[in-house]
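A quick write-up on the structure given underneath.
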Amino acid sequence: MAFITANWNPMGDAFYRKTELYQMSWNIRDGLGDSLVAAAPYGGPVALLREPHRRSPSSRPQLEIYSASGASITSFPWKSGPVVHLGWSVSDELLCVQEDGTVLIYDLFGSFKRHFSMGQEVVQSQVFEAKVFHSPYGTGIAILTGSSHFTLATNIEDLKLRRLPEVPGLQGKPSCWVVLTQDRQTKVLLSTGPELFVLDNTSCTAVCPPGLSPQAGSIVHMSVSFSYKYLALFTDTGHLWTGLSNLQDKLSGVDTNQKETPKQMVWCRRPKTQQPSVVLMWDRLLLVVGVCNDTIQFPLEDQSVLVGELDGVRIISLTSQELLQEVPLVCQDIFKIASMAPGALLLEAHREYEKCSQKADEYLREIKEQNVLGDAVQQCVEAAGHEYDTDTQKALMRAASFGKCFLTEFGPDPFVTTCRELRVLNAVRETSVGMPLTHTQFKQMTLQVLIDRLVYRQFYPLAIEICRYLKIPDYQGVSRVLKHWASCKVQQKDLSDEAIARAVCLKVGDSPGVSYSHIAAKAYECGRTELAIKLLDFEARSGEQVPLLLKMKRSQLALGKAVESGDTDLVYTVVTYLKNEMNRGDFFMTLRNQPVALSLYRQFCKLQEQETLKDLYNQDDDHQELANYYIMASYREKRLESRLSHLQSAIDEYNKAKNDFAVKATEDEMRLLRFQRKLDDEKGAGLLGLSLQGTMEALMSLGLHKQAEQLYRDFKVPDKRYWWLKLKSLAEKEEWEELEKFSKSKKSPIGYLAFVEICMKNNNRYEAKKYVCKVTPEQKVKAHLAVGDLEGAADTAIERRNESELGAVLSRCSASDHLLVDRLNRARVNSSKK
């Protein structure tokens, strides 16, 4: 703490510091100079493509991937074509650009994922140079071909190649070039000696940086800032020009006194700072040049690589990794020598408090008198977030905790949030994890992305602990981590299916948001079908189980799961799939083992596929249902011969089913059809297709009573039905004499009250009265009332002394019938006395 400013270097109004992040744990003896090196931003991994050793020229190049701390992640010999450039995507995927324009994509562990080509022209002219860049659209690639043409792909996930216009007079390789992203448009800025050109979608435009004199020389190196806002140009005379990337404003022009072209040139600036700087690297020198025209020099002992970050520059060498950055203003205020900032006074007060010195009270009084105690606490909390050393973090947070005890109104959220975030950052910064994130990078990246990166690197326990510590909802945190862990677990070839299934079930349990079907799908993709089936047993949702089982060709198991679910739509889905995949015989045999599915399929066939229904009944030797099928089929036929044929088939099947009643009914149906056909031919009656009762009604309406009577006898129609039909027909035709003869033919099986009512219905009271005398005593009151004979109804009711009949007659009397009413009332009284 006493020497915290010892490594600060002033430049203008700002200070710069180098903080050691790691002592690199890799063992690279040949240095980094002969290797292609790519380091991902935000503390990302480092990839090296190392050329074979000079003593063994026949060996292949070696592609190695390390964490930021130098821990080996993977290594394998490179067996593909010559590589021009390495780069990392926004999702930590390694992009290897070959000379023929093919881009190979590997994951963090060296597993090949996919590849694509940058176009046929690139294949023919070869790749001269390439750059991987990040834009609002995602990860892009820019290619310079041997024919001096530029080809762009702004998003490798949605590949759309775009060839930029030609540069006039350009032959061979330009001096230098960079990719710019401005106003959601990707451009290329290139230099051909002292001239600058901007290539966009449609044009090539010559530009001139403001304030760059012709005497400055030819531009040999250029660099754009992390946010694409600033541009730096280095000339062959050692002049460095800095300004806005739109080439509208100049920031500075500095003579570096270095004529040699730097190996790397990277911007170093903190967000929201007004003093950006450029870091230039040669073999043994690191030069920081600010817009204030001041410089800082750092000697380099080893070959190094610069990695531009959001808020600084990572310097990776054979032995160590450091972070060069501008000291945040709040840290300057607190730690600057003789600083009287509120945060500095509070930190000093806490130090004296720990020594049990009364000076602590003096410092506190001074802060309170200035009424800046809240500012002091805030400064300490903010500064702690920017510090990499844990002892410094603790000292600042303890000072903040000490100061907030004397505040009556202080929101604890910033203090608590910073404590939690620092604990997370310190955990991921450990050498074993190797993610040297700063607090600024963490805020820009977001917690969700950090969890994703930990999961992607398979740091599952740490990711779960962070999720639980920060109380992230399960579906966003722990469950998502477990889902990824399980997907990787099923790919372990050294464990048995049973062991993996048991481990996954034990670890995942019933965590919300984790789908066993998703894990099973991963297992199936890896060729472990049996493991996938075991995992599906843990899936509670049948709708997720069945599609995957069908995909795995386990159709019978899928059908069983669908039936168990009770979801008819799911059963229909499986049955339809089976029908399309199997031959008819196997399909029917499969359904026979699942009665529920068979029943549902039969229901479907009844509505949609009648012929299939017939095949099902044949397959099962179900003669009863097959006969029923022929009966229903006969109703759909229009030709008599076809109907009779279907009915005969039905009789044959009913005989096999030993259903004599159905046989008799079907034979009657056939006799009726033939009878109808005969009458149609003779009389043109149009009876074909009518039911027995409909045929009789039609015959009677046509006056063919003899034929109706023949039908009545031949088919043994019940007497009541026949009498009703004939009674109705004669009355409607007003054949009263025939009706009277019919009533006298024999005793009516339906009673004579029906004759009374049917005559009254046809408005013939005279004929109705003829039948009143024939009505039984129990129905005589109703008959009298039906014909409107109140006197007769009253006499009969009084004679029978029936209470309900007396009441029925009374209800039909009007006010003018007072004499009749008196008689009925007296009769009711007498009836009740008895």
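Letters A, B, ... go to the chains of the structure tokens in the order shown; residues in each chain start at 1; ligands are counted from 1 in the same order.
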What are the closest atom pairs, with distances in Å to one decimal, for each residue of stretch 738-775 of chain A lying within 7 Å of stretch 715-730 of chain A, using only C-alpha atoms, rows by chain and rising residue number, as CSV?
```
residue,atom,partner,partner_atom,distance
A:Leu739,CA,A:Leu730,CA,6.1
A:Pro749,CA,A:Lys720,CA,5.7
A:Ile750,CA,A:Lys720,CA,5.7
A:Ile758,CA,A:Lys728,CA,6.9
```
Next, dump the selected residues to file, keeping only N, CA, C and O atoms, as a PDB file, in the first residue's frame.
```pdb
ATOM      1  N   LEU A 739    -111.491 -45.321 -43.785  1.00  0.00           N
ATOM      2  CA  LEU A 739    -111.061 -45.296 -42.393  1.00  0.00           C
ATOM      3  C   LEU A 739    -112.052 -46.041 -41.518  1.00  0.00           C
ATOM      4  O   LEU A 739    -111.669 -46.784 -40.612  1.00  0.00           O
ATOM      5  N   PRO A 749    -105.428 -52.244 -32.379  1.00  0.00           N
ATOM      6  CA  PRO A 749    -104.367 -52.475 -31.379  1.00  0.00           C
ATOM      7  C   PRO A 749    -103.858 -51.181 -30.755  1.00  0.00           C
ATOM      8  O   PRO A 749    -103.135 -51.218 -29.761  1.00  0.00           O
ATOM      9  N   ILE A 750    -104.242 -50.036 -31.331  1.00  0.00           N
ATOM     10  CA  ILE A 750    -103.756 -48.765 -30.787  1.00  0.00           C
ATOM     11  C   ILE A 750    -104.864 -48.011 -30.070  1.00  0.00           C
ATOM     12  O   ILE A 750    -104.645 -46.876 -29.607  1.00  0.00           O
ATOM     13  N   ILE A 758    -106.977 -38.318 -34.499  1.00  0.00           N
ATOM     14  CA  ILE A 758    -106.503 -38.104 -35.863  1.00  0.00           C
ATOM     15  C   ILE A 758    -107.563 -37.413 -36.715  1.00  0.00           C
ATOM     16  O   ILE A 758    -107.235 -36.603 -37.592  1.00  0.00           O
TER      17      ILE A 758
END
```
Can you list every residue of stretch 299-413 of chain A that has an atom at most 8 Å from stretch 215-228 of chain A, with its nearest atom pair and the distance in Å to one decimal, using only C-alpha atoms, ordered by chain then number, as JSON lines?
```
{"residue": "A:Gly308", "atom": "CA", "partner": "A:Phe226", "partner_atom": "CA", "distance": 6.7}
{"residue": "A:Glu309", "atom": "CA", "partner": "A:Phe226", "partner_atom": "CA", "distance": 6.6}
{"residue": "A:Leu310", "atom": "CA", "partner": "A:Phe226", "partner_atom": "CA", "distance": 6.0}
```
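Atom CA of A:Cys331 is found 9.9 Å from atom CA of A:Thr5.
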Next item on the list: Name the residues of stretch 45-282 of chain A that fall into strand (DSSP E) according to DSSP on the backbone, using the chain letters and numbers of this document, as JSON, numbers by chain.
Entry: {"A": [46, 47, 48, 49, 50, 62, 63, 64, 65, 66, 72, 73, 74, 75, 76, 77, 83, 84, 85, 86, 87, 88, 94, 95, 96, 97, 98, 102, 103, 104, 105, 106, 112, 113, 114, 115, 116, 117, 127, 128, 129, 130, 131, 132, 133, 134, 135, 138, 139, 140, 141, 142, 143, 144, 145, 150, 151, 152, 153, 161, 162, 163, 176, 177, 178, 179, 180, 181, 182, 185, 186, 187, 188, 189, 190, 191, 192, 195, 196, 197, 198, 199, 204, 205, 206, 207, 219, 220, 221, 222, 223, 224, 230, 231, 232, 233, 234, 235, 239, 240, 241, 242, 243, 244, 250, 251, 252, 253, 254, 255, 264, 265, 266, 267, 268, 277, 278, 279, 280, 281]}
Margin query: I'd like the neighbourhood of A:Asp389 as a ChimeraX atom specification, where a residue qualifies if any of its atoms comes within 10 Å (using only C-alpha atoms), though same-chain residues fewer than 6 positions away should be ignored.
Written below: /A:1,4,19-21,426
Written file, previous selection with N, CA, C and O atoms, as a JSON list (two decimals), in the first residue's frame:
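That gives us out33.json:
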```json
[["chain", "number", "residue", "atom", "x", "y", "z"],
["A", 1, "MET", "N", 0.83, -1.20, 0.00],
["A", 1, "MET", "CA", 0.00, 0.00, 0.00],
["A", 1, "MET", "C", 0.86, 1.26, 0.00],
["A", 1, "MET", "O", 0.54, 2.24, -0.62],
["A", 4, "ILE", "N", 2.20, 1.99, -3.62],
["A", 4, "ILE", "CA", 1.25, 1.69, -4.69],
["A", 4, "ILE", "C", 1.46, 2.57, -5.91],
["A", 4, "ILE", "O", 1.17, 2.20, -7.03],
["A", 19, "THR", "N", 0.45, -3.52, -14.49],
["A", 19, "THR", "CA", 0.10, -4.45, -13.41],
["A", 19, "THR", "C", 0.35, -5.87, -13.88],
["A", 19, "THR", "O", -0.12, -6.26, -14.96],
["A", 20, "GLU", "N", 1.11, -6.62, -13.11],
["A", 20, "GLU", "CA", 1.37, -8.01, -13.49],
["A", 20, "GLU", "C", 0.10, -8.84, -13.24],
["A", 20, "GLU", "O", -0.44, -8.85, -12.13],
["A", 21, "LEU", "N", -0.32, -9.51, -14.29],
["A", 21, "LEU", "CA", -1.50, -10.37, -14.18],
["A", 21, "LEU", "C", -1.10, -11.79, -13.82],
["A", 21, "LEU", "O", -1.69, -12.40, -12.92],
["A", 426, "ASN", "N", -12.15, -11.81, -8.58],
["A", 426, "ASN", "CA", -10.96, -12.44, -8.00],
["A", 426, "ASN", "C", -10.96, -13.95, -8.22],
["A", 426, "ASN", "O", -9.91, -14.57, -8.41]]
```
Next item on the list: Determine, counting only C-alpha atoms, which protein, DNA and RNA residues have an atom within 10 Å of an atom of A:Ala731; residues of the same chain fewer than 5 positions away are not included. Present the result as a list in words.
Entry: Lys726, Trp736, Glu738, Leu739, Phe755, Ile758, Cys759, Met760, Lys761, Asn762, Asn763 and Asn764 of chain A
Output N, CA and C atoms for every residue in the selection just made, as an mmCIF file, in the first residue's frame.
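Result written to selection_21.cif:
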```cif
data_model
loop_
_atom_site.group_PDB
_atom_site.id
_atom_site.type_symbol
_atom_site.label_atom_id
_atom_site.label_comp_id
_atom_site.auth_asym_id
_atom_site.auth_seq_id
_atom_site.Cartn_x
_atom_site.Cartn_y
_atom_site.Cartn_z
ATOM 1 N N LYS A 726 -101.340 -46.484 -41.270
ATOM 2 C CA LYS A 726 -102.514 -46.488 -42.149
ATOM 3 C C LYS A 726 -103.540 -45.470 -41.684
ATOM 4 N N TRP A 736 -112.571 -41.081 -45.461
ATOM 5 C CA TRP A 736 -113.251 -41.396 -44.197
ATOM 6 C C TRP A 736 -113.976 -42.741 -44.246
ATOM 7 N N GLU A 738 -113.063 -45.374 -45.999
ATOM 8 C CA GLU A 738 -112.040 -46.417 -45.866
ATOM 9 C C GLU A 738 -111.562 -46.496 -44.418
ATOM 10 N N LEU A 739 -111.491 -45.321 -43.785
ATOM 11 C CA LEU A 739 -111.061 -45.296 -42.393
ATOM 12 C C LEU A 739 -112.052 -46.041 -41.518
ATOM 13 N N PHE A 755 -108.231 -42.788 -33.251
ATOM 14 C CA PHE A 755 -109.112 -42.433 -34.372
ATOM 15 C C PHE A 755 -109.735 -41.062 -34.121
ATOM 16 N N ILE A 758 -106.977 -38.318 -34.499
ATOM 17 C CA ILE A 758 -106.503 -38.104 -35.863
ATOM 18 C C ILE A 758 -107.563 -37.413 -36.715
ATOM 19 N N CYS A 759 -108.866 -37.709 -36.451
ATOM 20 C CA CYS A 759 -109.939 -37.015 -37.169
ATOM 21 C C CYS A 759 -109.995 -35.546 -36.783
ATOM 22 N N MET A 760 -109.849 -35.277 -35.463
ATOM 23 C CA MET A 760 -109.870 -33.892 -35.003
ATOM 24 C C MET A 760 -108.657 -33.135 -35.537
ATOM 25 N N LYS A 761 -107.552 -33.830 -35.679
ATOM 26 C CA LYS A 761 -106.340 -33.183 -36.196
ATOM 27 C C LYS A 761 -106.552 -32.755 -37.639
ATOM 28 N N ASN A 762 -107.386 -33.509 -38.337
ATOM 29 C CA ASN A 762 -107.678 -33.176 -39.729
ATOM 30 C C ASN A 762 -108.999 -32.393 -39.851
ATOM 31 N N ASN A 763 -109.467 -31.822 -38.692
ATOM 32 C CA ASN A 763 -110.620 -30.906 -38.676
ATOM 33 C C ASN A 763 -111.931 -31.582 -39.119
ATOM 34 N N ASN A 764 -112.136 -32.831 -38.727
ATOM 35 C CA ASN A 764 -113.391 -33.525 -39.052
ATOM 36 C C ASN A 764 -113.981 -34.035 -37.744
#
```
Checklist line | Separation of atom CA of A:Ala562 from atom CA of A:Ile519 in Å | finding: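 Taking atom CA of A:Ile519 and atom CA of A:Ala562, their separation equals 19.8 Å.
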Margin query: as a PyMOL selection string, please: the residues near A:Tyr456 (cut-off 10 Å, only C-alpha atoms, same-chain neighbours under 3 positions excluded).
Written below: chain A and resi 91-92+107-109+450-453+459-460+481+484-485
Output the selection as a PDB file, in the first residue's frame - C-alpha atoms for each residue.
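After the write, result-v3.pdb holds the following:
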```pdb
ATOM      1  CA  SER A  91     -17.985 -16.484 -28.735  1.00  0.00           C
ATOM      2  CA  ASP A  92     -14.361 -17.629 -28.229  1.00  0.00           C
ATOM      3  CA  ASP A 107     -13.890 -24.504 -30.400  1.00  0.00           C
ATOM      4  CA  LEU A 108     -11.826 -23.658 -27.345  1.00  0.00           C
ATOM      5  CA  PHE A 109     -10.796 -27.289 -26.889  1.00  0.00           C
ATOM      6  CA  LEU A 450     -19.220 -14.265 -17.944  1.00  0.00           C
ATOM      7  CA  ILE A 451     -21.269 -17.290 -16.850  1.00  0.00           C
ATOM      8  CA  ASP A 452     -21.472 -18.385 -20.492  1.00  0.00           C
ATOM      9  CA  ARG A 453     -17.696 -18.165 -20.872  1.00  0.00           C
ATOM     10  CA  PHE A 459     -15.599 -24.491 -15.179  1.00  0.00           C
ATOM     11  CA  TYR A 460     -18.959 -25.821 -14.028  1.00  0.00           C
ATOM     12  CA  VAL A 481     -24.947 -24.534 -16.254  1.00  0.00           C
ATOM     13  CA  HIS A 484     -24.388 -27.620 -20.500  1.00  0.00           C
ATOM     14  CA  TRP A 485     -22.534 -29.867 -18.041  1.00  0.00           C
TER      15      TRP A 485
END
```
Checklist line | Contacts of stretch 429-446 of chain A within 6 Å, only C-alpha atoms, excl. fewer than 4 positions in-chain, as number ranges by chain | finding: A: 43, 67-69, 385-386
